[in-house]
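Structure file work-v5.cif with mmCIF, C-alpha atoms:
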data_coords
#
loop_
_atom_site.label_atom_id
_atom_site.label_comp_id
_atom_site.auth_asym_id
_atom_site.auth_seq_id
_atom_site.Cartn_x
_atom_site.Cartn_y
_atom_site.Cartn_z
CA MET A 1320 0.00 0.00 0.00
CA THR A 1321 1.46 3.37 -1.02
CA ALA A 1322 0.22 6.89 -0.39
CA GLY A 1323 -0.16 9.54 -3.07
CA PRO A 1324 -0.72 13.33 -2.88
CA LEU A 1325 -4.42 12.90 -2.11
CA ASP A 1326 -3.81 10.32 0.61
CA PRO A 1327 -3.22 10.76 4.35
CA PRO A 1328 0.02 9.52 5.96
CA LEU A 1329 0.03 5.74 6.26
CA VAL A 1330 0.78 5.91 9.99
CA ALA A 1331 -2.44 7.89 10.50
CA VAL A 1332 -4.41 5.39 8.42
CA ARG A 1333 -3.12 2.36 10.31
CA SER A 1334 -3.67 3.95 13.69
CA ALA A 1335 -7.22 5.13 12.96
CA VAL A 1336 -8.25 1.83 11.40
CA GLY A 1337 -6.75 -0.14 14.28
CA ARG A 1338 -8.75 1.88 16.81
CA ALA A 1339 -11.93 1.49 14.78
CA LEU A 1340 -11.54 -2.27 14.47
CA ALA A 1341 -10.89 -2.54 18.20
CA GLU A 1342 -14.27 -0.90 18.84
CA ASP A 1343 -15.91 -3.67 16.82
CA LEU A 1344 -13.82 -6.69 17.78
CA LEU A 1345 -13.12 -6.38 21.50
CA PRO A 1346 -13.57 -8.36 23.62
CA LEU A 1347 -14.69 -11.50 21.80
CA GLY A 1348 -14.32 -10.80 18.08
CA ASP A 1349 -17.07 -11.06 15.46
CA ILE A 1350 -19.24 -13.74 17.01
CA THR A 1351 -21.80 -13.61 14.18
CA ALA A 1352 -19.26 -14.02 11.37
CA SER A 1353 -17.85 -16.99 13.28
CA LEU A 1354 -21.06 -18.85 12.40
CA VAL A 1355 -20.05 -18.89 8.72
CA PRO A 1356 -18.28 -22.16 7.85
CA GLU A 1357 -14.51 -21.99 7.56
CA GLY A 1358 -13.39 -22.01 3.97
CA ALA A 1359 -16.41 -20.07 2.68
CA THR A 1360 -15.32 -17.44 0.17
CA ALA A 1361 -17.15 -14.64 -1.59
CA ARG A 1362 -16.90 -11.79 -4.03
CA ALA A 1363 -18.51 -8.44 -3.31
CA ARG A 1364 -18.77 -4.96 -4.73
CA VAL A 1365 -18.63 -1.57 -3.01
CA VAL A 1366 -21.42 0.31 -4.75
CA ALA A 1367 -22.43 3.97 -4.58
CA ARG A 1368 -26.08 4.51 -3.66
CA SER A 1369 -25.89 8.23 -4.47
CA ALA A 1370 -23.72 10.69 -6.41
CA GLY A 1371 -20.60 12.18 -4.92
CA VAL A 1372 -16.80 12.02 -4.78
CA VAL A 1373 -14.76 9.03 -3.57
CA ALA A 1374 -12.27 9.30 -0.71
CA GLY A 1375 -10.89 6.96 1.94
CA ARG A 1376 -9.48 4.22 -0.29
CA LEU A 1377 -6.43 3.56 1.91
CA CYS A 1378 -8.57 3.25 5.04
CA ALA A 1379 -10.79 0.62 3.43
CA ILE A 1380 -7.77 -1.32 2.17
CA GLU A 1381 -6.25 -1.20 5.65
CA ALA A 1382 -9.44 -2.35 7.34
CA PHE A 1383 -9.62 -5.51 5.24
CA ALA A 1384 -5.86 -6.09 5.52
CA GLN A 1385 -5.80 -5.82 9.31
CA VAL A 1386 -8.67 -8.29 9.60
CA ASP A 1387 -7.26 -10.73 7.03
CA PRO A 1388 -4.49 -10.18 4.47
CA ALA A 1389 -6.17 -12.85 2.33
CA VAL A 1390 -8.94 -10.39 1.42
CA ALA A 1391 -8.20 -8.70 -1.90
CA VAL A 1392 -9.57 -5.25 -2.77
CA ASP A 1393 -9.45 -4.06 -6.38
CA TRP A 1394 -10.43 -0.46 -7.02
CA GLU A 1395 -12.47 0.70 -9.97
CA LEU A 1396 -12.20 4.36 -8.92
CA ALA A 1397 -9.45 6.38 -7.26
CA ASP A 1398 -9.86 8.98 -4.54
CA GLY A 1399 -11.14 12.19 -6.08
CA SER A 1400 -13.21 10.37 -8.71
CA PRO A 1401 -16.85 11.36 -9.17
CA VAL A 1402 -19.46 8.65 -8.76
CA VAL A 1403 -23.13 8.34 -9.63
CA ALA A 1404 -25.68 6.05 -8.05
CA GLY A 1405 -24.94 2.51 -9.10
CA SER A 1406 -21.23 3.05 -9.73
CA VAL A 1407 -18.94 0.23 -8.61
CA VAL A 1408 -16.19 1.76 -6.48
CA ALA A 1409 -14.26 -1.41 -5.62
CA ARG A 1410 -14.42 -5.19 -5.79
CA VAL A 1411 -13.65 -7.34 -2.76
CA SER A 1412 -12.87 -11.04 -2.68
CA GLY A 1413 -11.64 -13.57 -0.16
CA PRO A 1414 -12.77 -15.44 2.95
CA LEU A 1415 -16.40 -14.53 3.62
CA PRO A 1416 -16.11 -14.29 7.44
CA SER A 1417 -13.23 -11.83 7.10
CA ILE A 1418 -15.10 -9.71 4.56
CA LEU A 1419 -18.09 -9.53 6.89
CA THR A 1420 -15.95 -8.62 9.89
CA ALA A 1421 -14.17 -5.76 8.11
CA GLU A 1422 -17.20 -4.54 6.14
CA ARG A 1423 -18.58 -1.93 8.53
CA THR A 1424 -15.23 -0.42 9.48
CA ALA A 1425 -14.21 -0.13 5.82
CA LEU A 1426 -17.56 1.42 4.88
CA ASN A 1427 -17.57 3.79 7.86
CA PHE A 1428 -14.31 5.32 6.65
CA LEU A 1429 -15.33 5.31 2.99
CA CYS A 1430 -18.77 6.83 3.60
CA HIS A 1431 -17.52 9.54 5.95
CA LEU A 1432 -14.44 10.55 3.99
CA SER A 1433 -16.29 10.42 0.67
CA GLY A 1434 -18.89 12.68 2.27
CA VAL A 1435 -16.15 15.16 3.16
CA ALA A 1436 -14.76 15.02 -0.38
CA THR A 1437 -18.24 15.50 -1.81
CA ALA A 1438 -18.89 18.55 0.38
CA ALA A 1439 -15.53 20.01 -0.60
CA ARG A 1440 -16.29 19.58 -4.30
CA LEU A 1441 -19.64 21.35 -3.90
CA TYR A 1442 -17.91 24.42 -2.47
CA VAL A 1443 -15.14 24.35 -5.06
CA ASP A 1444 -17.72 24.26 -7.84
CA ALA A 1445 -19.75 27.01 -6.16
CA VAL A 1446 -16.90 29.55 -6.11
CA ALA A 1447 -15.38 28.62 -9.48
CA GLY A 1448 -17.94 30.55 -11.50
CA ALA A 1449 -17.68 33.66 -9.34
CA ASN A 1450 -13.89 33.90 -9.11
CA PRO A 1451 -11.68 31.11 -10.49
CA ALA A 1452 -8.75 32.43 -8.45
CA THR A 1453 -10.49 31.89 -5.10
CA ARG A 1454 -9.47 28.75 -3.24
CA VAL A 1455 -11.65 26.86 -0.78
CA LEU A 1456 -9.99 25.85 2.49
CA ASP A 1457 -10.92 23.54 5.32
CA THR A 1458 -10.39 24.41 9.00
CA ARG A 1459 -9.25 22.65 12.19
CA LYS A 1460 -12.89 21.81 12.98
CA THR A 1461 -12.22 18.13 12.40
CA THR A 1462 -13.15 14.89 14.15
CA PRO A 1463 -10.60 14.33 16.96
CA GLY A 1464 -8.05 11.78 15.83
CA LEU A 1465 -9.13 11.87 12.18
CA ARG A 1466 -7.70 15.22 11.06
CA ALA A 1467 -5.13 13.82 8.64
CA LEU A 1468 -7.75 11.56 7.06
CA GLU A 1469 -10.35 14.32 6.72
CA LYS A 1470 -7.85 16.80 5.31
CA ALA A 1471 -6.83 14.23 2.71
CA ALA A 1472 -10.51 13.85 1.80
CA VAL A 1473 -10.74 17.63 1.42
CA ARG A 1474 -7.90 17.46 -1.10
CA ALA A 1475 -9.66 14.63 -2.91
CA GLY A 1476 -12.63 16.94 -3.28
CA GLY A 1477 -10.48 19.60 -4.93
CA ALA A 1478 -10.27 22.01 -1.99
CA HIS A 1479 -7.16 22.98 -0.03
CA ASN A 1480 -5.93 22.54 3.51
CA HIS A 1481 -5.55 25.29 6.05
CA ARG A 1482 -2.95 24.67 8.75
CA GLY A 1483 -2.95 21.11 10.00
CA SER A 1484 -1.73 21.98 13.48
CA LEU A 1485 -1.12 24.99 15.67
CA SER A 1486 2.59 24.96 14.83
CA GLU A 1487 2.21 25.33 11.05
CA ALA A 1488 1.30 29.03 11.01
CA VAL A 1489 0.51 31.97 13.25
CA LEU A 1490 -3.18 32.88 13.33
CA VAL A 1491 -3.95 35.69 15.76
CA LYS A 1492 -7.62 35.42 16.72
CA ASP A 1493 -9.86 37.61 18.83
CA ASN A 1494 -9.18 35.70 22.05
CA HIS A 1495 -5.44 36.13 21.58
CA LEU A 1496 -6.04 39.88 21.52
CA GLY A 1497 -7.23 39.66 25.10
CA GLY A 1498 -3.57 39.60 26.07
CA LEU A 1499 -1.83 41.74 23.45
CA THR A 1500 -2.47 44.09 20.55
CA ILE A 1501 -2.42 43.22 16.84
CA ALA A 1502 0.82 45.14 16.40
CA GLU A 1503 2.45 43.35 19.34
CA ALA A 1504 1.30 39.94 18.14
CA VAL A 1505 2.58 40.44 14.59
CA ALA A 1506 5.91 41.87 15.78
CA ARG A 1507 6.54 38.97 18.15
CA ALA A 1508 5.57 36.41 15.53
CA ARG A 1509 7.84 38.00 12.93
CA HIS A 1510 10.72 37.99 15.39
CA ARG A 1511 10.30 34.40 16.56
CA TRP A 1512 9.29 32.73 13.28
CA PRO A 1513 10.35 34.98 10.39
CA GLY A 1514 9.46 32.40 7.73
CA ARG A 1515 5.95 31.61 8.99
CA LEU A 1516 2.65 32.89 7.71
CA VAL A 1517 1.29 35.50 10.11
CA GLU A 1518 -2.46 35.92 9.76
CA VAL A 1519 -4.71 38.19 11.80
CA GLU A 1520 -8.42 37.61 12.31
CA CYS A 1521 -10.34 40.84 11.78
CA ASP A 1522 -13.93 41.64 12.66
CA ARG A 1523 -13.76 45.26 11.53
CA ALA A 1524 -12.11 47.35 8.82
CA ASP A 1525 -9.96 49.24 11.35
CA GLN A 1526 -8.42 45.93 12.45
CA VAL A 1527 -7.54 45.21 8.82
CA THR A 1528 -5.73 48.54 8.61
CA GLU A 1529 -3.90 47.79 11.87
CA ALA A 1530 -2.88 44.34 10.64
CA LEU A 1531 -1.59 45.76 7.35
CA GLU A 1532 0.44 48.43 9.11
CA ALA A 1533 1.85 45.83 11.51
CA GLY A 1534 3.16 43.70 8.61
CA ALA A 1535 0.77 40.73 8.66
CA THR A 1536 1.04 38.45 5.65
CA ALA A 1537 -2.67 37.58 5.63
CA VAL A 1538 -5.93 38.83 7.09
CA LEU A 1539 -8.88 36.66 8.04
CA LEU A 1540 -12.18 38.51 7.64
CA ASP A 1541 -14.51 36.84 10.11
CA ASN A 1542 -18.31 37.00 9.97
CA MET A 1543 -18.40 39.93 7.55
CA THR A 1544 -20.96 40.49 4.83
CA PRO A 1545 -19.84 40.31 1.18
CA ASP A 1546 -20.05 44.12 0.97
CA GLU A 1547 -17.86 44.50 4.06
CA VAL A 1548 -15.40 42.02 2.57
CA ALA A 1549 -15.26 44.03 -0.67
CA SER A 1550 -14.44 47.20 1.31
CA CYS A 1551 -11.65 45.41 3.20
CA VAL A 1552 -10.30 43.91 -0.01
CA ALA A 1553 -9.99 47.46 -1.37
CA LEU A 1554 -7.89 48.38 1.69
CA VAL A 1555 -5.64 45.38 1.10
CA TRP A 1556 -5.23 46.11 -2.60
CA ALA A 1557 -4.23 49.68 -1.78
CA HIS A 1558 -1.47 48.40 0.52
CA PRO A 1559 1.99 48.35 -1.10
CA THR A 1560 2.83 44.83 0.10
CA PRO A 1561 0.77 41.87 -1.16
CA VAL A 1562 -1.41 40.41 1.59
CA SER A 1563 -3.83 37.51 1.13
CA VAL A 1564 -7.46 37.84 2.17
CA GLU A 1565 -9.31 34.92 3.76
CA VAL A 1566 -13.01 34.87 4.61
CA SER A 1567 -14.54 32.66 7.28
CA GLY A 1568 -17.50 32.43 9.60
CA GLY A 1569 -20.72 30.72 8.66
CA VAL A 1570 -19.90 30.47 4.96
CA THR A 1571 -22.57 28.55 3.04
CA LEU A 1572 -22.93 27.28 -0.51
CA ASP A 1573 -25.08 30.34 -1.22
CA SER A 1574 -22.71 32.91 0.27
CA ALA A 1575 -19.39 31.40 -0.84
CA PRO A 1576 -19.70 32.67 -4.45
CA ARG A 1577 -20.52 36.17 -3.18
CA TYR A 1578 -17.41 36.22 -1.01
CA ALA A 1579 -15.35 35.01 -3.96
CA ALA A 1580 -16.81 37.73 -6.17
CA ALA A 1581 -15.96 40.29 -3.48
CA GLY A 1582 -12.29 39.50 -4.02
CA ALA A 1583 -11.46 36.95 -1.33
CA ASP A 1584 -8.36 34.90 -2.11
CA LEU A 1585 -9.43 32.15 0.27
CA VAL A 1586 -12.77 31.00 1.64
CA SER A 1587 -12.53 28.69 4.65
CA VAL A 1588 -15.46 26.43 5.49
CA GLY A 1589 -15.60 24.39 8.68
CA ALA A 1590 -18.76 22.64 7.51
CA ILE A 1591 -16.75 20.69 4.93
CA THR A 1592 -15.43 18.51 7.72
CA HIS A 1593 -17.65 19.02 10.77
CA SER A 1594 -21.03 18.78 9.03
CA ALA A 1595 -20.50 16.78 5.83
CA PRO A 1596 -23.25 14.18 5.25
CA VAL A 1597 -21.90 10.71 4.56
CA LEU A 1598 -21.89 9.46 1.00
CA ASP A 1599 -24.13 6.39 0.85
CA LEU A 1600 -21.98 3.41 -0.13
CA GLY A 1601 -22.79 -0.25 0.41
CA LEU A 1602 -21.16 -3.66 0.12
CA ASP A 1603 -23.15 -6.05 -2.06
CA LEU A 1604 -22.26 -9.73 -2.29
CA ASP A 1605 -21.71 -10.66 -5.92
CA THR A 1606 -24.44 -12.86 -7.29
CA GLY A 1607 -22.65 -13.26 -10.60
CA GLU A 1608 -24.43 -10.31 -12.22
CA GLY A 1609 -22.60 -7.17 -13.39
#
Can I see the file as structure tokens?
Amino acid sequence: MTAGPLDPPLVAVRSAVGRALAEDLLPLGDITASLVPEGATARARVVARSAGVVAGRLCAIEAFAQVDPAVAVDWELADGSPVVAGSVVARVSGPLPSILTAERTALNFLCHLSGVATAARLYVDAVAGANPATRVLDTRKTTPGLRALEKAAVRAGGAHNHRGSLSEAVLVKDNHLGGLTIAEAVARARHRWPGRLVEVECDRADQVTEALEAGATAVLLDNMTPDEVASCVALVWAHPTPVSVEVSGGVTLDSAPRYAAAGADLVSVGAITHSAPVLDLGLDLDTGEG
């Protein structure tokens, strides 16, 4: 098993799958699958019940492999591929008890991560017509322990990742300003980590001006209307040093194109990960048809 640019780190995959299988198999294993006679084999298909975007391939492979390396999984579609209802995503073959034991864990990852990829693709498509230069970002509002997997699914959906951890960039938010000013925060960040992105969350236009004068490399316009964003973008464009503009805060599929049209470079959407509906995928035993 190898990881590509759309895939999460293998160590994250193996750890997450191991924990998920433990939830199902402890303390006594799959007592129902143990009723199936030893030596029984089967072929099955992972089939999409609805349209969306595939993600989570490595997690499904790992789930079957950890249960039984004798189970083979052959993929018809790669992560990032669109599917319609009825599409065959993968074919599974091997010992029937092992397939049954791994089925739910494999599908849980596939359905959830494909749901994240599908949500990401919806937002990417929504902003593309308004401003092709605007990029859609995720946030750190991820399921605890699954961040690397969900951020990979975001990439599979065509969106981009914001910082993956608190050490990747400096983002000065309103609560940080309870202990220091914007100017102080930017100056200290520049001194300690001169090569890092320094972004300042702004609720008002005057904070944007302060962040620009302090030398921030990006501003995050939080909970502003599209008209307010357009006014702040004008301030940024008038500044002699290029500064990127990110918009966040309750962004929806309806409002995302308006923020893009207002000139936002980046639109970050927590809902891509924290509220994505699962993509309906099922495992059907092969009856010899199709």
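Counting all atoms listed in the file and comparing A:Thr1458, A:Thr1453, A:Thr1500, A:Ser1400, the residue that lies closest to Ala1475 in chain A is A:Ser1400.
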- Message: Expand the PyMOL selection byres ((chain A and resi 1441) around 12) into the explicit residue set it covers here, and present it as a ChimeraX atom specification.
- Response: /A:1370-1372,1401,1434-1440,1442-1447,1455,1473,1476-1478,1571-1573,1575-1576,1588,1590-1591,1595
Where does the PyMOL selection byres ((chain A and resi 1416) around 12) land in this file, that is, which residues does it pick, as an mmCIF file with C-alpha atoms, keeping the file's coordinate frame?
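What follows is the written file selection33.cif:
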data_model
loop_
_atom_site.group_PDB
_atom_site.id
_atom_site.type_symbol
_atom_site.label_atom_id
_atom_site.label_comp_id
_atom_site.auth_asym_id
_atom_site.auth_seq_id
_atom_site.Cartn_x
_atom_site.Cartn_y
_atom_site.Cartn_z
ATOM 1 C CA GLY A 1348 -14.320 -10.800 18.080
ATOM 2 C CA ASP A 1349 -17.070 -11.060 15.460
ATOM 3 C CA ILE A 1350 -19.240 -13.740 17.010
ATOM 4 C CA THR A 1351 -21.800 -13.610 14.180
ATOM 5 C CA ALA A 1352 -19.260 -14.020 11.370
ATOM 6 C CA SER A 1353 -17.850 -16.990 13.280
ATOM 7 C CA LEU A 1354 -21.060 -18.850 12.400
ATOM 8 C CA VAL A 1355 -20.050 -18.890 8.720
ATOM 9 C CA PRO A 1356 -18.280 -22.160 7.850
ATOM 10 C CA GLU A 1357 -14.510 -21.990 7.560
ATOM 11 C CA GLY A 1358 -13.390 -22.010 3.970
ATOM 12 C CA ALA A 1359 -16.410 -20.070 2.680
ATOM 13 C CA THR A 1360 -15.320 -17.440 0.170
ATOM 14 C CA ALA A 1361 -17.150 -14.640 -1.590
ATOM 15 C CA ARG A 1362 -16.900 -11.790 -4.030
ATOM 16 C CA PHE A 1383 -9.620 -5.510 5.240
ATOM 17 C CA VAL A 1386 -8.670 -8.290 9.600
ATOM 18 C CA ASP A 1387 -7.260 -10.730 7.030
ATOM 19 C CA ALA A 1389 -6.170 -12.850 2.330
ATOM 20 C CA VAL A 1390 -8.940 -10.390 1.420
ATOM 21 C CA SER A 1412 -12.870 -11.040 -2.680
ATOM 22 C CA GLY A 1413 -11.640 -13.570 -0.160
ATOM 23 C CA PRO A 1414 -12.770 -15.440 2.950
ATOM 24 C CA LEU A 1415 -16.400 -14.530 3.620
ATOM 25 C CA SER A 1417 -13.230 -11.830 7.100
ATOM 26 C CA ILE A 1418 -15.100 -9.710 4.560
ATOM 27 C CA LEU A 1419 -18.090 -9.530 6.890
ATOM 28 C CA THR A 1420 -15.950 -8.620 9.890
ATOM 29 C CA ALA A 1421 -14.170 -5.760 8.110
ATOM 30 C CA GLU A 1422 -17.200 -4.540 6.140
#
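Selection by the PyMOL selection byres ((chain A and resi 1506-1513) around 12) on the present file picks out Ser1486, Glu1487, Ala1488, Val1489, Leu1490, Val1491, Leu1499, Thr1500, Ile1501, Ala1502, Glu1503, Ala1504, Val1505, Gly1514, Arg1515, Leu1516, Val1517, Glu1518, Val1519, Ala1530, Leu1531, Glu1532, Ala1533, Gly1534, Ala1535 and Thr1536 of chain A.
With distances restricted to all atoms listed in the file, A:Asp1326 is the closest residue to Leu1377 in chain A from A:Asp1599, A:Glu1342, A:Asp1326, A:Asp1525.
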- Of the candidates A:Ala1452, A:Ala1331, A:Ala1579, A:Ala1382, which one gets nearest to Ala1549 in chain A if we count all atoms listed in the file?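 The answer is A:Ala1579, which sits nearest to Ala1549 in chain A.
The smallest atom-to-atom distance between Arg1364 in chain A and any of A:Thr1528, A:Glu1547, A:Arg1482, A:Leu1600, using all atoms listed in the file, is found for A:Leu1600.
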Reconstructed all heavy atoms for range 1498-1509 of chain A, given as a compact mmCIF listing (two decimals), in the frame of the given file:
# COMPACT_ATOMS: atom_id res chain seq x y z
N GLY A 1498 -4.82 39.46 25.34
CA GLY A 1498 -3.57 39.60 26.07
C GLY A 1498 -2.53 40.46 25.39
O GLY A 1498 -1.47 40.72 25.98
N LEU A 1499 -2.78 40.88 24.16
CA LEU A 1499 -1.83 41.74 23.45
C LEU A 1499 -2.53 42.37 22.25
O LEU A 1499 -3.61 41.96 21.86
CB LEU A 1499 -0.60 40.95 23.00
CG LEU A 1499 -0.70 39.93 21.85
CD1 LEU A 1499 0.69 39.42 21.52
CD2 LEU A 1499 -1.59 38.76 22.15
N THR A 1500 -1.89 43.40 21.69
CA THR A 1500 -2.47 44.09 20.55
C THR A 1500 -2.10 43.39 19.25
O THR A 1500 -1.20 42.52 19.22
CB THR A 1500 -1.98 45.54 20.47
OG1 THR A 1500 -0.57 45.55 20.18
CG2 THR A 1500 -2.23 46.28 21.79
N ILE A 1501 -2.75 43.78 18.15
CA ILE A 1501 -2.42 43.22 16.84
C ILE A 1501 -0.96 43.51 16.50
O ILE A 1501 -0.22 42.62 16.05
CB ILE A 1501 -3.36 43.79 15.76
CG1 ILE A 1501 -4.76 43.20 15.93
CG2 ILE A 1501 -2.81 43.48 14.37
CD1 ILE A 1501 -5.79 43.78 14.98
N ALA A 1502 -0.55 44.76 16.73
CA ALA A 1502 0.82 45.14 16.40
C ALA A 1502 1.83 44.33 17.20
O ALA A 1502 2.85 43.87 16.67
CB ALA A 1502 1.03 46.64 16.65
N GLU A 1503 1.55 44.13 18.49
CA GLU A 1503 2.45 43.35 19.34
C GLU A 1503 2.50 41.89 18.87
O GLU A 1503 3.58 41.29 18.80
CB GLU A 1503 2.00 43.42 20.79
CG GLU A 1503 2.20 44.78 21.44
CD GLU A 1503 1.52 44.88 22.80
OE1 GLU A 1503 0.58 44.08 23.07
OE2 GLU A 1503 1.93 45.75 23.60
N ALA A 1504 1.36 41.34 18.56
CA ALA A 1504 1.30 39.94 18.14
C ALA A 1504 2.09 39.72 16.85
O ALA A 1504 2.87 38.77 16.73
CB ALA A 1504 -0.15 39.51 17.96
N VAL A 1505 1.89 40.60 15.87
CA VAL A 1505 2.58 40.44 14.59
C VAL A 1505 4.08 40.63 14.78
O VAL A 1505 4.89 39.86 14.23
CB VAL A 1505 2.03 41.44 13.55
CG1 VAL A 1505 2.87 41.39 12.28
CG2 VAL A 1505 0.57 41.13 13.24
N ALA A 1506 4.49 41.61 15.56
CA ALA A 1506 5.91 41.87 15.78
C ALA A 1506 6.58 40.68 16.46
O ALA A 1506 7.68 40.26 16.06
CB ALA A 1506 6.09 43.13 16.61
N ARG A 1507 5.94 40.12 17.45
CA ARG A 1507 6.54 38.97 18.15
C ARG A 1507 6.60 37.75 17.24
O ARG A 1507 7.59 37.01 17.25
CB ARG A 1507 5.71 38.65 19.40
CG ARG A 1507 5.82 39.71 20.49
CD ARG A 1507 4.99 39.37 21.71
NE ARG A 1507 5.04 40.44 22.69
CZ ARG A 1507 4.42 40.39 23.87
NH1 ARG A 1507 3.72 39.32 24.21
NH2 ARG A 1507 4.51 41.41 24.71
N ALA A 1508 5.57 37.55 16.45
CA ALA A 1508 5.57 36.41 15.53
C ALA A 1508 6.65 36.56 14.48
O ALA A 1508 7.37 35.59 14.16
CB ALA A 1508 4.20 36.28 14.86
N ARG A 1509 6.80 37.74 13.93
CA ARG A 1509 7.84 38.00 12.93
C ARG A 1509 9.23 37.77 13.50
O ARG A 1509 10.14 37.26 12.83
CB ARG A 1509 7.73 39.43 12.42
CG ARG A 1509 6.52 39.71 11.56
CD ARG A 1509 6.65 39.07 10.21
NE ARG A 1509 5.89 39.75 9.19
CZ ARG A 1509 5.90 39.43 7.92
NH1 ARG A 1509 6.65 38.42 7.52
NH2 ARG A 1509 5.18 40.08 7.05
